[in-house]
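As structure tokens, the structure follows; a few thoughts come after it.
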Amino acid sequence: MFKYLVYLPPHMGTEDGRRILVTGALGQIGTELVIALRECFGNENVISSDITEIEPENQSLYLVCDVTNKAAISSIIEEYNIGQIYHLAALLSATGENNPELCYNVNMNGLLNVLELAKEYNLRVFAPSSIAVFGPDTPSIAPQTYPLNPTTMYGVTKVAGELLSDYYHSVHGVDVRGLRYPGLISWKMLPGGGTTDYAVEIYYDAIRKGKYTCFVNSETKLPMMYIGDAIRATLELMAAPLGSLSLHSNYNLGAMCFTVNELVNSIRRIIPNFEIDYEIDHRQKYADSWPDSIDDTTARLDWGWEPEFDLEATTEIMIENLKPKLLNSM
Ligand code: NAD
Ligand code: AKB
């Protein structure tokens, strides 16, 4: 059971009776966040949206919405009486570096549209950031406050997104909150084109083939988190009283950090014959520009953040859930 339910009883509806819109809801986080939000606030109160058309049988409370189209978001807000947006639509680091212009357009103009509409319709907003805000000059344990000099377009949009969100909070009073998520590990949906994707793909290939070819080297160490912790952190931050927050859009959020080698060893405890080899590509450079670990003291002090899943627990959950899913589909 998620801890946030302690102070968010299920199916209570939202505080102001207006609905929640999730953008980018078909992605790695959205897939699980929509389920959790519906558990908390009731199915009918959570509208999921993304840029893709989906099968008719899955269309209930799903809308196609391109976040670069402000009028499209606006008409959903009006028609469905929206009071909060969890704004997940984005291009991640690897996809973003393949198409930096599109990355800038979706990540910046999408957020600007959401914040402008939040000002107009008095909406609360969750707008996630990332460990990708940090650059190669950051110490290996990234402090909460440090000069942000990212070297990817994705990182540039995340830094600018934090600043833009803080601007809308301080100048227009918009209640916008965000977390610097680490790389997220989940089994319901594959990640959508990031650098930390190896930490998910490895479990899929360990189960399907007993072998994984990794695109970053064995000593690559990054901050990571199991999706259950990330979803709970999101809901806990959004439930925290505004007055308790010393930051808004840029909370460092940590859980665990490990090298690829350590990840391989944790998988070998369950799949002893698991093999790994390496074909390093451009994503090594992005990984090397990010910190090994992240100091999340401010999140712990302000709203009581505490992670639950370590590497061993994550590996157990991943293999336990992926095994039936993958082996049944082979
Ligand atoms: P994802 O790539 O899995 O999902 C993003 C979704 O956005 C996709 O379903 C995609 O179709 C959609 N999208 C793309 N362009 C769109 C547009 N123009 N309009 C509407 N939808 C569009 O990403 P995710 O992992 O779910 O990430 C969600 C948020 O969390 C992003 O802001 C990301 O930067 C942040 N984040 C994720 C991670 C992670 O490891 N997953 C880590 C740090 C931060
Ligand atoms: C990526 O690798 O791009 C994301 C992130 C850490 O923001 N998973």
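Residue numbering restarts at 1 for every chain of the structure tokens, chains are lettered A, B, ... in their displayed order, and ligands are numbered from 1 as they appear.
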
Practice problem: For ligand 1, collect every residue having any atom at a distance of at most 8 Å from a ligand atom (counting only C-alpha atoms and all ligand atoms); output as a PyMOL selection string. | Solution: chain A and resi 23-31+49-52+64-69+87-93+106-107+110+127-132+154+158+179-185+189-194+196-197+224

Practice problem: Write out as a PyMOL selection string the residues lying within 12 Å of Ala255 (chain A), counting only C-alpha atoms and excluding same-chain residues fewer than 3 positions away. | Solution: chain A and resi 180-185+222-230+233+252+258+292-297+299-300+305-311+313-314

Could you write out the selected residues, including N, CA, C and O atoms, as a compact mmCIF listing (two decimals), in the first residue's frame?
# COMPACT_ATOMS: atom_id res chain seq x y z
N ARG A 180 13.19 16.77 -8.99
CA ARG A 180 14.26 16.33 -9.89
C ARG A 180 14.34 14.81 -9.76
O ARG A 180 15.09 14.28 -8.94
N TYR A 181 13.53 14.12 -10.58
CA TYR A 181 13.54 12.65 -10.51
C TYR A 181 14.91 12.12 -10.95
O TYR A 181 15.50 12.61 -11.92
N PRO A 182 15.37 11.04 -10.29
CA PRO A 182 16.52 10.29 -10.82
C PRO A 182 16.03 9.39 -11.96
O PRO A 182 14.86 9.47 -12.35
N GLY A 183 16.88 8.52 -12.48
CA GLY A 183 16.45 7.54 -13.48
C GLY A 183 15.42 6.61 -12.84
O GLY A 183 15.65 6.11 -11.75
N LEU A 184 14.31 6.38 -13.54
CA LEU A 184 13.23 5.60 -12.93
C LEU A 184 13.18 4.19 -13.50
O LEU A 184 13.34 3.98 -14.70
N ILE A 185 12.95 3.23 -12.59
CA ILE A 185 12.94 1.81 -12.95
C ILE A 185 11.52 1.27 -12.74
O ILE A 185 10.99 1.39 -11.64
N LEU A 222 24.78 6.19 -11.44
CA LEU A 222 23.79 7.27 -11.51
C LEU A 222 22.76 7.12 -10.40
O LEU A 222 22.53 6.02 -9.91
N PRO A 223 22.11 8.24 -10.04
CA PRO A 223 21.00 8.14 -9.09
C PRO A 223 19.81 7.46 -9.76
O PRO A 223 19.49 7.77 -10.91
N MET A 224 19.16 6.54 -9.07
CA MET A 224 18.04 5.77 -9.62
C MET A 224 16.95 5.64 -8.57
O MET A 224 17.20 5.81 -7.37
N MET A 225 15.75 5.27 -9.04
CA MET A 225 14.63 5.12 -8.11
C MET A 225 13.61 4.14 -8.69
O MET A 225 13.33 4.18 -9.89
N TYR A 226 13.05 3.29 -7.84
CA TYR A 226 11.94 2.43 -8.28
C TYR A 226 10.69 3.30 -8.43
O TYR A 226 10.44 4.21 -7.64
N ILE A 227 9.89 3.01 -9.44
CA ILE A 227 8.74 3.84 -9.78
C ILE A 227 7.76 4.03 -8.61
O ILE A 227 7.16 5.10 -8.46
N GLY A 228 7.63 3.00 -7.77
CA GLY A 228 6.70 3.11 -6.63
C GLY A 228 7.09 4.28 -5.74
O GLY A 228 6.23 5.04 -5.26
N ASP A 229 8.39 4.44 -5.52
CA ASP A 229 8.86 5.59 -4.72
C ASP A 229 8.59 6.90 -5.45
O ASP A 229 8.20 7.90 -4.84
N ALA A 230 8.79 6.91 -6.76
CA ALA A 230 8.62 8.16 -7.53
C ALA A 230 7.15 8.61 -7.52
O ALA A 230 6.85 9.79 -7.36
N ALA A 233 6.36 9.90 -4.03
CA ALA A 233 6.96 11.22 -3.83
C ALA A 233 6.12 12.31 -4.51
O ALA A 233 5.89 13.39 -3.96
N ASN A 252 15.50 18.21 -5.19
CA ASN A 252 16.31 16.99 -5.38
C ASN A 252 15.58 15.82 -4.74
O ASN A 252 15.02 15.98 -3.64
N PHE A 258 23.81 3.27 -8.05
CA PHE A 258 24.62 2.06 -8.21
C PHE A 258 25.30 2.10 -9.57
O PHE A 258 24.85 2.79 -10.49
N ASP A 292 26.66 11.21 -9.54
CA ASP A 292 26.51 9.80 -9.13
C ASP A 292 25.30 9.63 -8.22
O ASP A 292 24.67 8.58 -8.18
N SER A 293 25.07 10.69 -7.45
CA SER A 293 24.10 10.59 -6.37
C SER A 293 23.53 11.98 -6.11
O SER A 293 24.03 12.96 -6.67
N ILE A 294 22.49 12.06 -5.29
CA ILE A 294 21.81 13.35 -5.14
C ILE A 294 21.44 13.57 -3.67
O ILE A 294 20.98 12.65 -3.00
N ASP A 295 21.71 14.78 -3.19
CA ASP A 295 21.41 15.11 -1.79
C ASP A 295 19.98 15.65 -1.70
O ASP A 295 19.70 16.74 -2.19
N ASP A 296 19.09 14.88 -1.06
CA ASP A 296 17.68 15.28 -1.02
C ASP A 296 17.24 15.72 0.37
O ASP A 296 16.07 15.58 0.74
N THR A 297 18.19 16.27 1.15
CA THR A 297 17.88 16.69 2.52
C THR A 297 16.70 17.65 2.57
O THR A 297 15.85 17.54 3.46
N ALA A 299 14.07 17.95 0.64
CA ALA A 299 12.79 17.23 0.47
C ALA A 299 12.44 16.47 1.76
O ALA A 299 11.29 16.43 2.17
N ARG A 300 13.45 15.90 2.39
CA ARG A 300 13.21 15.15 3.63
C ARG A 300 12.72 16.08 4.73
O ARG A 300 11.79 15.76 5.48
N TRP A 305 10.14 13.46 2.91
CA TRP A 305 10.49 12.44 1.91
C TRP A 305 11.36 11.33 2.51
O TRP A 305 12.33 11.59 3.22
N GLU A 306 11.02 10.11 2.21
CA GLU A 306 11.83 8.96 2.61
C GLU A 306 11.62 7.83 1.61
O GLU A 306 10.48 7.37 1.44
N PRO A 307 12.67 7.39 0.91
CA PRO A 307 12.49 6.31 -0.06
C PRO A 307 12.30 4.96 0.63
O PRO A 307 12.72 4.79 1.78
N GLU A 308 11.67 4.03 -0.11
CA GLU A 308 11.42 2.73 0.48
C GLU A 308 12.23 1.62 -0.21
O GLU A 308 12.62 0.66 0.40
N PHE A 309 12.47 1.77 -1.52
CA PHE A 309 13.05 0.67 -2.29
C PHE A 309 14.55 0.87 -2.53
O PHE A 309 14.96 1.90 -3.06
N ASP A 310 15.36 -0.16 -2.17
CA ASP A 310 16.77 -0.13 -2.53
C ASP A 310 16.98 -1.01 -3.77
O ASP A 310 16.01 -1.53 -4.34
N LEU A 311 18.24 -1.20 -4.16
CA LEU A 311 18.51 -1.96 -5.38
C LEU A 311 18.01 -3.41 -5.28
O LEU A 311 17.40 -3.93 -6.22
N ALA A 313 15.60 -4.70 -3.43
CA ALA A 313 14.13 -4.76 -3.47
C ALA A 313 13.63 -4.48 -4.88
O ALA A 313 12.69 -5.12 -5.37
N THR A 314 14.28 -3.53 -5.57
CA THR A 314 13.88 -3.19 -6.94
C THR A 314 14.09 -4.39 -7.86
O THR A 314 13.22 -4.74 -8.67

Self-check item: For Ser266 (chain A): contacts at 9 Å, only C-alpha atoms, fewer than 6 positions along chain excluded, given as a PyMOL selection string
Solution: chain A and resi 311-312+315-316

Practice problem: Taking the chain letters and numbering used in this document, name the residues of region 34-65 of chain A that DSSP puts in helix (DSSP H, G or I), as a PyMOL selection string. | Solution: chain A and resi 34-41+43-45+56-58

Quiz item: For Ser170 (chain A), which residue among A:His248, A:Arg38, A:Lys323, A:His282 is the nearest when counting only C-alpha atoms?
Solution: A:His248

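Shortest separation to Glu78 (chain A) among A:Leu123, A:Leu253, A:Leu301, A:Ala160 occurs at residue A:Leu123, atoms counted being only C-alpha atoms.
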
Self-check item: Gap from CA of Ile76 (chain A) to CA of Glu162 (chain A) - Å, one decimal
Solution: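 Interatomic distance here is 24.6 Å.
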
Quiz item: Looking only at the backbone, which of the residues in region 126-249 of chain A does DSSP tag as strand (DSSP E or B), as a PyMOL selection string?
Solution: chain A and resi 126+129-130+141-142+176-177+179-181+183-185+211-214+221-226

Can those selected residues be exported to a file as a PDB file, in the first residue's frame so that it contains N, CA, C and O atoms?
ATOM      1  N   PHE A 126       1.819  20.090 -11.426  1.00  0.00           N
ATOM      2  CA  PHE A 126       3.032  19.327 -11.149  1.00  0.00           C
ATOM      3  C   PHE A 126       3.847  19.285 -12.437  1.00  0.00           C
ATOM      4  O   PHE A 126       3.346  18.817 -13.475  1.00  0.00           O
ATOM      5  N   SER A 129      11.110  17.849 -12.959  1.00  0.00           N
ATOM      6  CA  SER A 129      12.444  18.132 -13.462  1.00  0.00           C
ATOM      7  C   SER A 129      13.240  16.821 -13.404  1.00  0.00           C
ATOM      8  O   SER A 129      12.644  15.738 -13.327  1.00  0.00           O
ATOM      9  N   SER A 130      14.557  16.922 -13.432  1.00  0.00           N
ATOM     10  CA  SER A 130      15.378  15.720 -13.596  1.00  0.00           C
ATOM     11  C   SER A 130      16.786  15.964 -13.058  1.00  0.00           C
ATOM     12  O   SER A 130      17.243  17.118 -12.986  1.00  0.00           O
ATOM     13  N   ILE A 141      28.083  13.979  -5.419  1.00  0.00           N
ATOM     14  CA  ILE A 141      26.771  13.999  -4.745  1.00  0.00           C
ATOM     15  C   ILE A 141      26.183  15.387  -4.997  1.00  0.00           C
ATOM     16  O   ILE A 141      26.669  16.380  -4.447  1.00  0.00           O
ATOM     17  N   ALA A 142      25.157  15.470  -5.837  1.00  0.00           N
ATOM     18  CA  ALA A 142      24.663  16.783  -6.265  1.00  0.00           C
ATOM     19  C   ALA A 142      23.959  17.502  -5.122  1.00  0.00           C
ATOM     20  O   ALA A 142      22.981  16.986  -4.567  1.00  0.00           O
ATOM     21  N   VAL A 176       2.857  25.733  -8.472  1.00  0.00           N
ATOM     22  CA  VAL A 176       3.496  24.746  -9.342  1.00  0.00           C
ATOM     23  C   VAL A 176       4.628  24.088  -8.564  1.00  0.00           C
ATOM     24  O   VAL A 176       5.407  24.770  -7.911  1.00  0.00           O
ATOM     25  N   ARG A 177       4.657  22.766  -8.620  1.00  0.00           N
ATOM     26  CA  ARG A 177       5.641  22.006  -7.837  1.00  0.00           C
ATOM     27  C   ARG A 177       6.356  20.995  -8.738  1.00  0.00           C
ATOM     28  O   ARG A 177       5.764  20.517  -9.705  1.00  0.00           O
ATOM     29  N   LEU A 179       9.809  17.852  -8.958  1.00  0.00           N
ATOM     30  CA  LEU A 179      10.882  17.037  -8.384  1.00  0.00           C
ATOM     31  C   LEU A 179      11.951  16.809  -9.429  1.00  0.00           C
ATOM     32  O   LEU A 179      11.623  16.620 -10.601  1.00  0.00           O
ATOM     33  N   ARG A 180      13.186  16.767  -8.989  1.00  0.00           N
ATOM     34  CA  ARG A 180      14.262  16.325  -9.888  1.00  0.00           C
ATOM     35  C   ARG A 180      14.339  14.808  -9.762  1.00  0.00           C
ATOM     36  O   ARG A 180      15.093  14.278  -8.937  1.00  0.00           O
ATOM     37  N   TYR A 181      13.531  14.120 -10.580  1.00  0.00           N
ATOM     38  CA  TYR A 181      13.543  12.654 -10.514  1.00  0.00           C
ATOM     39  C   TYR A 181      14.911  12.124 -10.946  1.00  0.00           C
ATOM     40  O   TYR A 181      15.500  12.610 -11.919  1.00  0.00           O
ATOM     41  N   GLY A 183      16.882   8.518 -12.483  1.00  0.00           N
ATOM     42  CA  GLY A 183      16.446   7.537 -13.480  1.00  0.00           C
ATOM     43  C   GLY A 183      15.422   6.613 -12.836  1.00  0.00           C
ATOM     44  O   GLY A 183      15.649   6.106 -11.746  1.00  0.00           O
ATOM     45  N   LEU A 184      14.313   6.384 -13.539  1.00  0.00           N
ATOM     46  CA  LEU A 184      13.230   5.600 -12.930  1.00  0.00           C
ATOM     47  C   LEU A 184      13.182   4.186 -13.495  1.00  0.00           C
ATOM     48  O   LEU A 184      13.342   3.982 -14.703  1.00  0.00           O
ATOM     49  N   ILE A 185      12.948   3.232 -12.588  1.00  0.00           N
ATOM     50  CA  ILE A 185      12.937   1.807 -12.953  1.00  0.00           C
ATOM     51  C   ILE A 185      11.523   1.274 -12.740  1.00  0.00           C
ATOM     52  O   ILE A 185      10.985   1.394 -11.641  1.00  0.00           O
ATOM     53  N   LYS A 211      21.002 -12.300 -21.244  1.00  0.00           N
ATOM     54  CA  LYS A 211      22.189 -11.531 -21.655  1.00  0.00           C
ATOM     55  C   LYS A 211      21.757 -10.113 -22.027  1.00  0.00           C
ATOM     56  O   LYS A 211      20.690  -9.931 -22.632  1.00  0.00           O
ATOM     57  N   TYR A 212      22.584  -9.127 -21.688  1.00  0.00           N
ATOM     58  CA  TYR A 212      22.260  -7.742 -22.068  1.00  0.00           C
ATOM     59  C   TYR A 212      23.514  -7.064 -22.605  1.00  0.00           C
ATOM     60  O   TYR A 212      24.610  -7.250 -22.080  1.00  0.00           O
ATOM     61  N   THR A 213      23.331  -6.297 -23.690  1.00  0.00           N
ATOM     62  CA  THR A 213      24.421  -5.475 -24.214  1.00  0.00           C
ATOM     63  C   THR A 213      24.149  -4.050 -23.783  1.00  0.00           C
ATOM     64  O   THR A 213      23.160  -3.440 -24.200  1.00  0.00           O
ATOM     65  N   CYS A 214      25.036  -3.547 -22.919  1.00  0.00           N
ATOM     66  CA  CYS A 214      24.787  -2.254 -22.263  1.00  0.00           C
ATOM     67  C   CYS A 214      25.475  -1.122 -23.030  1.00  0.00           C
ATOM     68  O   CYS A 214      26.610  -1.271 -23.476  1.00  0.00           O
ATOM     69  N   LYS A 221      27.810   5.222 -12.828  1.00  0.00           N
ATOM     70  CA  LYS A 221      27.017   5.246 -11.592  1.00  0.00           C
ATOM     71  C   LYS A 221      26.067   6.427 -11.655  1.00  0.00           C
ATOM     72  O   LYS A 221      26.498   7.555 -11.909  1.00  0.00           O
ATOM     73  N   LEU A 222      24.781   6.186 -11.442  1.00  0.00           N
ATOM     74  CA  LEU A 222      23.788   7.270 -11.512  1.00  0.00           C
ATOM     75  C   LEU A 222      22.759   7.121 -10.396  1.00  0.00           C
ATOM     76  O   LEU A 222      22.527   6.017  -9.909  1.00  0.00           O
ATOM     77  N   PRO A 223      22.105   8.242 -10.040  1.00  0.00           N
ATOM     78  CA  PRO A 223      20.996   8.144  -9.086  1.00  0.00           C
ATOM     79  C   PRO A 223      19.810   7.464  -9.760  1.00  0.00           C
ATOM     80  O   PRO A 223      19.488   7.770 -10.913  1.00  0.00           O
ATOM     81  N   MET A 224      19.162   6.539  -9.065  1.00  0.00           N
ATOM     82  CA  MET A 224      18.039   5.770  -9.622  1.00  0.00           C
ATOM     83  C   MET A 224      16.946   5.643  -8.570  1.00  0.00           C
ATOM     84  O   MET A 224      17.195   5.809  -7.375  1.00  0.00           O
ATOM     85  N   MET A 225      15.750   5.267  -9.042  1.00  0.00           N
ATOM     86  CA  MET A 225      14.627   5.116  -8.108  1.00  0.00           C
ATOM     87  C   MET A 225      13.609   4.139  -8.689  1.00  0.00           C
ATOM     88  O   MET A 225      13.327   4.181  -9.891  1.00  0.00           O
ATOM     89  N   TYR A 226      13.045   3.293  -7.836  1.00  0.00           N
ATOM     90  CA  TYR A 226      11.936   2.432  -8.278  1.00  0.00           C
ATOM     91  C   TYR A 226      10.687   3.300  -8.429  1.00  0.00           C
ATOM     92  O   TYR A 226      10.442   4.205  -7.640  1.00  0.00           O
TER      93      TYR A 226
END

Quiz item: CA of Glu32 (chain A) and CA of Glu55 (chain A), how far apart in Å?
Solution: 18.5 Å

Practice problem: Identify, on the basis of only C-alpha atoms, every residue whose closest approach to Glu44 (chain A) does not exceed 10 Å; exclude the query and any residue fewer than 3 positions from it along the same chain; express the result as a PyMOL selection string. | Solution: chain A and resi 11+13+19-20+38+41+47+60-61

For C-alpha atoms, I'd like the residues from the last selection saved as an mmCIF file, in the first residue's frame.
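Saved the output as part_22.cif:
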data_model
loop_
_atom_site.group_PDB
_atom_site.id
_atom_site.type_symbol
_atom_site.label_atom_id
_atom_site.label_comp_id
_atom_site.auth_asym_id
_atom_site.auth_seq_id
_atom_site.Cartn_x
_atom_site.Cartn_y
_atom_site.Cartn_z
ATOM 1 C CA HIS A 11 -11.765 8.064 -3.783
ATOM 2 C CA GLY A 13 -12.427 13.469 -4.976
ATOM 3 C CA ARG A 19 -10.766 17.196 -12.192
ATOM 4 C CA ILE A 20 -7.083 16.327 -12.776
ATOM 5 C CA ARG A 38 -7.466 7.352 -9.855
ATOM 6 C CA PHE A 41 -9.312 10.702 -6.328
ATOM 7 C CA ILE A 47 -8.374 12.536 -17.368
ATOM 8 C CA SER A 60 -12.489 6.061 -21.526
ATOM 9 C CA LEU A 61 -11.237 9.252 -19.911
#

Exercise. Enter the distance from CA of Lys119 (chain A) to CA of Ile73 (chain A), in Å, rounded to one decimal.
Key: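 About the pair CA of Lys119 (chain A) and CA of Ile73 (chain A): they are 13.4 Å apart.
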
Self-check item: Option closest in space to Asp137 (chain A), from A:Glu320, A:Asp281, A:Asp288, A:Asp166 [counting only C-alpha atoms]
Solution: A:Asp288

Exercise. Name all residues at most 8 Å from Tyr278 (chain A) (count only C-alpha atoms; drop same-chain ones fewer than 2 positions away) and give them as a PyMOL selection string.
Key: chain A and resi 213-218+276+280

Quiz prompt | Proximity to ligand 2 - best of A:Asn81, A:Thr195, A:Ser74, A:Gln144, only C-alpha atoms and all ligand atoms | solution =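 Nearest candidate to ligand 2 out of A:Asn81, A:Thr195, A:Ser74, A:Gln144: A:Thr195.
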